[in-house]
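data_19.tsv (TSV, C-alpha atoms) appears below.
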chain	number	residue	atom	x	y	z
A	641	MET	CA	18.96	-31.78	-32.77
A	642	ALA	CA	22.45	-30.33	-33.13
A	643	LYS	CA	24.55	-30.29	-30.00
A	644	GLU	CA	26.96	-27.75	-31.45
A	645	GLN	CA	26.59	-24.77	-33.74
A	646	SER	CA	28.98	-22.49	-35.57
A	647	ILE	CA	28.82	-18.82	-34.62
A	648	THR	CA	30.55	-15.69	-35.79
A	649	VAL	CA	30.88	-12.81	-33.36
A	650	THR	CA	32.93	-9.65	-33.17
A	651	VAL	CA	34.29	-9.18	-29.67
A	652	ASN	CA	36.12	-5.98	-28.80
A	653	GLY	CA	36.65	-5.31	-32.49
A	654	ARG	CA	38.03	-8.76	-33.30
A	655	ARG	CA	36.05	-11.29	-35.35
A	656	TYR	CA	35.78	-14.89	-34.13
A	657	GLU	CA	34.34	-17.95	-35.83
A	658	LYS	CA	33.81	-20.79	-33.37
A	659	THR	CA	31.80	-23.95	-32.98
A	660	VAL	CA	30.14	-24.02	-29.57
A	661	PRO	CA	27.75	-26.21	-27.62
A	662	VAL	CA	24.21	-24.90	-28.15
A	663	ARG	CA	23.63	-24.60	-24.39
A	664	LEU	CA	26.85	-22.67	-23.66
A	665	SER	CA	26.25	-19.31	-22.01
A	666	LEU	CA	27.76	-16.22	-23.56
A	667	ALA	CA	29.62	-15.59	-20.28
A	668	ASP	CA	31.23	-19.03	-20.42
A	669	PHE	CA	32.04	-18.56	-24.10
A	670	LEU	CA	33.80	-15.27	-23.41
A	671	ARG	CA	35.67	-16.60	-20.39
A	672	ASP	CA	36.50	-20.17	-21.43
A	673	HIS	CA	36.71	-20.01	-25.22
A	674	LEU	CA	38.07	-16.49	-25.77
A	675	HIS	CA	39.92	-16.21	-22.43
A	676	LEU	CA	38.33	-12.82	-21.70
A	677	THR	CA	37.98	-13.28	-17.96
A	678	GLY	CA	37.01	-9.70	-17.13
A	679	THR	CA	33.35	-10.64	-17.47
A	680	HIS	CA	32.54	-12.02	-14.03
A	681	LEU	CA	29.96	-14.55	-12.98
A	682	GLY	CA	28.15	-13.92	-9.72
A	683	CYS	CA	24.66	-15.29	-9.34
A	684	GLU	CA	24.31	-16.87	-12.80
A	685	HIS	CA	20.61	-15.92	-12.67
A	686	GLY	CA	20.80	-12.41	-14.16
A	687	VAL	CA	20.25	-10.71	-10.81
A	688	CYS	CA	23.66	-9.37	-9.73
A	689	GLY	CA	24.86	-7.69	-12.94
A	690	ALA	CA	28.49	-8.84	-12.67
A	691	CYS	CA	28.30	-10.46	-16.12
A	692	THR	CA	26.93	-7.38	-17.92
A	693	ILE	CA	28.45	-6.80	-21.35
A	694	MET	CA	27.46	-4.73	-24.38
A	695	LEU	CA	25.70	-6.65	-27.13
A	696	ASP	CA	25.23	-4.53	-30.25
A	697	GLY	CA	25.66	-1.42	-28.11
A	698	ARG	CA	23.14	-2.33	-25.39
A	699	THR	CA	23.78	-3.98	-22.05
A	700	ALA	CA	22.98	-7.66	-21.68
A	701	ARG	CA	23.44	-10.23	-18.96
A	702	SER	CA	25.89	-12.68	-20.50
A	703	CYS	CA	24.97	-15.40	-18.00
A	704	LEU	CA	21.41	-15.45	-19.39
A	705	THR	CA	22.36	-15.19	-23.05
A	706	LEU	CA	23.41	-18.26	-24.97
A	707	ALA	CA	26.50	-17.95	-27.14
A	708	VAL	CA	24.47	-19.10	-30.15
A	709	GLN	CA	22.06	-16.19	-29.57
A	710	ALA	CA	25.01	-13.82	-30.05
A	711	ASP	CA	25.75	-15.12	-33.55
A	712	GLY	CA	26.33	-12.18	-35.88
A	713	THR	CA	26.55	-9.59	-33.10
A	714	GLU	CA	29.15	-7.15	-31.88
A	715	ILE	CA	30.13	-7.62	-28.24
A	716	THR	CA	32.08	-5.30	-26.00
A	717	THR	CA	33.53	-6.61	-22.75
A	718	ILE	CA	35.46	-4.78	-20.07
A	719	GLU	CA	38.66	-5.64	-21.95
A	720	GLY	CA	37.37	-3.69	-24.94
A	721	LEU	CA	36.94	-0.40	-23.08
A	722	ARG	CA	40.60	0.56	-22.83
A	723	ALA	CA	42.10	2.21	-25.92
A	724	GLU	CA	44.90	0.43	-27.80
A	725	ASP	CA	47.42	2.90	-26.38
A	726	GLY	CA	46.35	1.90	-22.85
A	727	THR	CA	44.26	4.99	-22.17
A	728	ARG	CA	41.34	4.25	-19.90
A	729	HIS	CA	37.77	4.77	-21.06
A	730	PRO	CA	36.42	7.98	-19.44
A	731	MET	CA	34.12	5.90	-17.22
A	732	GLN	CA	37.06	3.76	-16.07
A	733	GLN	CA	38.98	6.94	-15.31
A	734	ALA	CA	36.07	8.35	-13.32
A	735	PHE	CA	35.79	5.14	-11.27
A	736	PHE	CA	39.55	5.27	-10.65
A	737	GLU	CA	39.55	8.92	-9.59
A	738	ASN	CA	36.43	8.67	-7.41
A	739	PHE	CA	37.18	5.34	-5.69
A	740	GLY	CA	34.22	3.67	-7.38
A	741	LEU	CA	35.61	0.21	-6.82
A	742	GLN	CA	37.03	-1.87	-4.04
A	743	CYS	CA	37.40	-5.58	-4.71
A	744	GLY	CA	36.53	-5.00	-8.38
A	745	TYR	CA	34.28	-8.01	-8.85
A	746	CYS	CA	31.19	-5.98	-9.76
A	747	THR	CA	33.15	-3.29	-11.59
A	748	PRO	CA	32.93	-4.64	-15.18
A	749	GLY	CA	29.14	-4.81	-14.99
A	750	MET	CA	28.92	-1.46	-13.22
A	751	LEU	CA	31.02	0.19	-15.93
A	752	MET	CA	28.95	-1.25	-18.78
A	753	THR	CA	25.71	-0.20	-17.11
A	754	ALA	CA	27.03	3.31	-16.42
A	755	ILE	CA	28.25	3.70	-20.00
A	756	GLU	CA	24.83	2.75	-21.34
A	757	LEU	CA	23.18	5.17	-18.92
A	758	LEU	CA	25.24	8.08	-20.23
A	759	GLN	CA	24.58	7.03	-23.82
A	760	ASP	CA	20.84	7.24	-23.12
A	761	ASN	CA	20.93	10.17	-20.69
A	762	PRO	CA	24.10	12.30	-20.88
A	763	ASP	CA	23.04	14.52	-17.98
A	764	PRO	CA	21.46	12.31	-15.30
A	765	ASP	CA	20.67	13.51	-11.81
A	766	GLU	CA	21.70	11.45	-8.80
A	767	HIS	CA	18.31	9.73	-8.56
A	768	GLU	CA	18.52	8.64	-12.21
A	769	VAL	CA	22.03	7.27	-11.67
A	770	ARG	CA	20.90	5.34	-8.58
A	771	GLU	CA	17.94	3.93	-10.50
A	772	ALA	CA	20.06	2.88	-13.48
A	773	MET	CA	22.70	1.26	-11.29
A	774	SER	CA	20.18	-0.51	-9.03
A	775	GLY	CA	20.34	-3.71	-11.08
A	776	ASN	CA	24.03	-4.17	-10.27
A	777	LEU	CA	24.95	-5.48	-6.85
A	778	CYS	CA	28.08	-4.57	-4.92
A	779	ARG	CA	29.02	-5.96	-1.52
A	780	CYS	CA	31.97	-3.67	-0.86
A	781	THR	CA	31.45	-0.02	-1.69
A	782	GLY	CA	28.12	1.06	-0.25
A	783	TYR	CA	27.43	2.53	-3.73
A	784	GLN	CA	28.18	6.17	-2.84
A	785	SER	CA	31.53	6.18	-4.66
A	786	ILE	CA	29.99	4.40	-7.62
A	787	ILE	CA	27.29	7.07	-7.91
A	788	ALA	CA	29.93	9.79	-7.53
A	789	SER	CA	32.01	8.16	-10.28
A	790	VAL	CA	29.12	8.07	-12.74
A	791	MET	CA	28.19	11.67	-11.93
A	792	ALA	CA	31.83	12.73	-12.45
A	793	ALA	CA	31.95	10.93	-15.82
A	794	ALA	CA	28.77	12.72	-16.87
A	795	ARG	CA	30.23	16.09	-15.88
A	796	THR	CA	33.45	15.33	-17.75
A	797	ALA	CA	31.55	14.28	-20.87
A	798	LYS	CA	29.36	17.36	-20.69
A	799	GLY	CA	32.41	19.61	-20.44
A	800	ALA	CA	34.20	17.90	-23.33
Could you render the structure from this file as structure tokens?
Amino acid sequence: MAKEQSITVTVNGRRYEKTVPVRLSLADFLRDHLHLTGTHLGCEHGVCGACTIMLDGRTARSCLTLAVQADGTEITTIEGLRAEDGTRHPMQQAFFENFGLQCGYCTPGMLMTAIELLQDNPDPDEHEVREAMSGNLCRCTGYQSIIASVMAAARTAKGA
């Protein structure tokens, strides 16, 4: 059985062809091979949500996904949210304006989850936001500012 495999992925709009160990997690691939350290590792069991990225436009726990499983996919990490001119993604701006972060460790996963929520449900109520965000753990904020940030982003998107 092969111990390494070649993969081709597009990460934040850039194509990569790499040979990776078959048991390498996608999180470790992003952090150690591509030096995209914004994807954080917390529990490494898929429970905390810190490693959440977008895989072909849907959220995925990168600690539970093998890099070889991502072959041929398009991945967006926290580094890929900001525009080339430095403009923040609307969700990043909402978190900034509404104090939706403190230490920032959970923030990349929170942002990805919130972005997917608004893709699926552009006008969520507070209960729906709380439910969607419940799979992402934060030890600092108490969640109220996170919920307020997502609600503000939804209002901004609705008004745009």
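Distances from A:Met791, A:Cys683, A:Leu706, A:Ala700 to A:Gln645 were compared using all atoms listed in the file, and the smallest one belongs to A:Leu706.
You will find atom CA of A:Ile693 at 14.1 Å from atom CA of A:Met773.
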Selection near A:Ala754, 9 Å with only C-alpha atoms, sequence-local residues under 4 positions removed, as an NGL selection string: :A and (731 or 749-750 or 758-759 or 769 or 772-773 or 790)
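What separates atom CA of A:Val687 from atom CA of A:Pro764 is a distance of 23.5 Å.
Candidate residues A:Glu684, A:Cys778, A:Val651, A:Arg795 were compared for distance to A:Asp765, and the nearest is A:Arg795, using only C-alpha atoms.
Closest to A:Gly744 among A:Thr717, A:Thr781, A:Thr650, A:Asn761 is A:Thr781, based on all atoms listed in the file.
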Selected residue of minimal separation from A:Ile715 among A:Gln784, A:Ser774, A:Thr692, A:Thr727, counting all atoms listed in the file: A:Thr692
Test item: which residues lie within 12 Å of (27.7, -4.6, -3.0) counting all atoms listed in the file, as JSON, numbers by chain: {"A": [682, 688, 689, 690, 740, 741, 742, 743, 744, 745, 746, 747, 750, 773, 774, 775, 776, 777, 778, 779, 780, 781, 782, 783, 784, 785, 786]}
Mind running stretch 692-795 of chain A against stretch 665-680 of chain A at 7 Å and telling me each contacting residue's nearest atom pair with the distance in Å (one decimal), counting only C-alpha atoms, chain and number ascending, as a Markdown table?
| residue | atom | partner | partner_atom | distance |
| --- | --- | --- | --- | --- |
| A:Ser702 | CA | A:Ala667 | CA | 4.7 |
| A:Cys703 | CA | A:Ala667 | CA | 5.2 |
| A:Leu704 | CA | A:Ser665 | CA | 6.7 |
| A:Thr705 | CA | A:Leu666 | CA | 5.5 |
| A:Leu706 | CA | A:Ser665 | CA | 4.2 |
| A:Ala707 | CA | A:Leu666 | CA | 4.2 |
| A:Thr717 | CA | A:Thr679 | CA | 6.6 |
| A:Ile718 | CA | A:Gly678 | CA | 5.9 |
| A:Glu719 | CA | A:Gly678 | CA | 6.5 |
| A:Tyr745 | CA | A:His680 | CA | 6.8 |
| A:Pro748 | CA | A:Thr679 | CA | 6.4 |
Preceding selection exported with C-alpha atoms as a tab-separated table (two decimals), in the coordinates of the input:
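Written output follows (selection08.tsv):
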chain	number	residue	atom	x	y	z
A	702	SER	CA	25.89	-12.68	-20.50
A	703	CYS	CA	24.97	-15.40	-18.00
A	704	LEU	CA	21.41	-15.45	-19.39
A	705	THR	CA	22.36	-15.19	-23.05
A	706	LEU	CA	23.41	-18.26	-24.97
A	707	ALA	CA	26.50	-17.95	-27.14
A	717	THR	CA	33.53	-6.61	-22.75
A	718	ILE	CA	35.46	-4.78	-20.07
A	719	GLU	CA	38.66	-5.64	-21.95
A	745	TYR	CA	34.28	-8.01	-8.85
A	748	PRO	CA	32.93	-4.64	-15.18
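Distances from A:Val649, A:Ile787, A:Met694, A:Val708 to A:Met752 were compared using all atoms listed in the file, and the smallest one belongs to A:Met694.
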Neighbour residues at most 10 Å from (36.8, 2.3, -22.3) (all atoms listed in the file) as a PyMOL selection string: chain A and resi 716-724+726-733+751-752+755
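The shortest atom-to-atom distance to A:Thr659, with all atoms listed in the file taken into account, belongs to A:Ser646 out of A:Thr699, A:Ser789, A:Asn738, A:Ser646.
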Exercise: A:Thr713 partners within 6 Å, all atoms listed in the file, chain neighbours under 2 positions left out, as a PyMOL selection string: chain A and resi 649+696+710-711
Coordinates-based distance that separates atom CA of A:Ala734 from atom CA of A:Ala792 (Å, one decimal): 6.2 Å
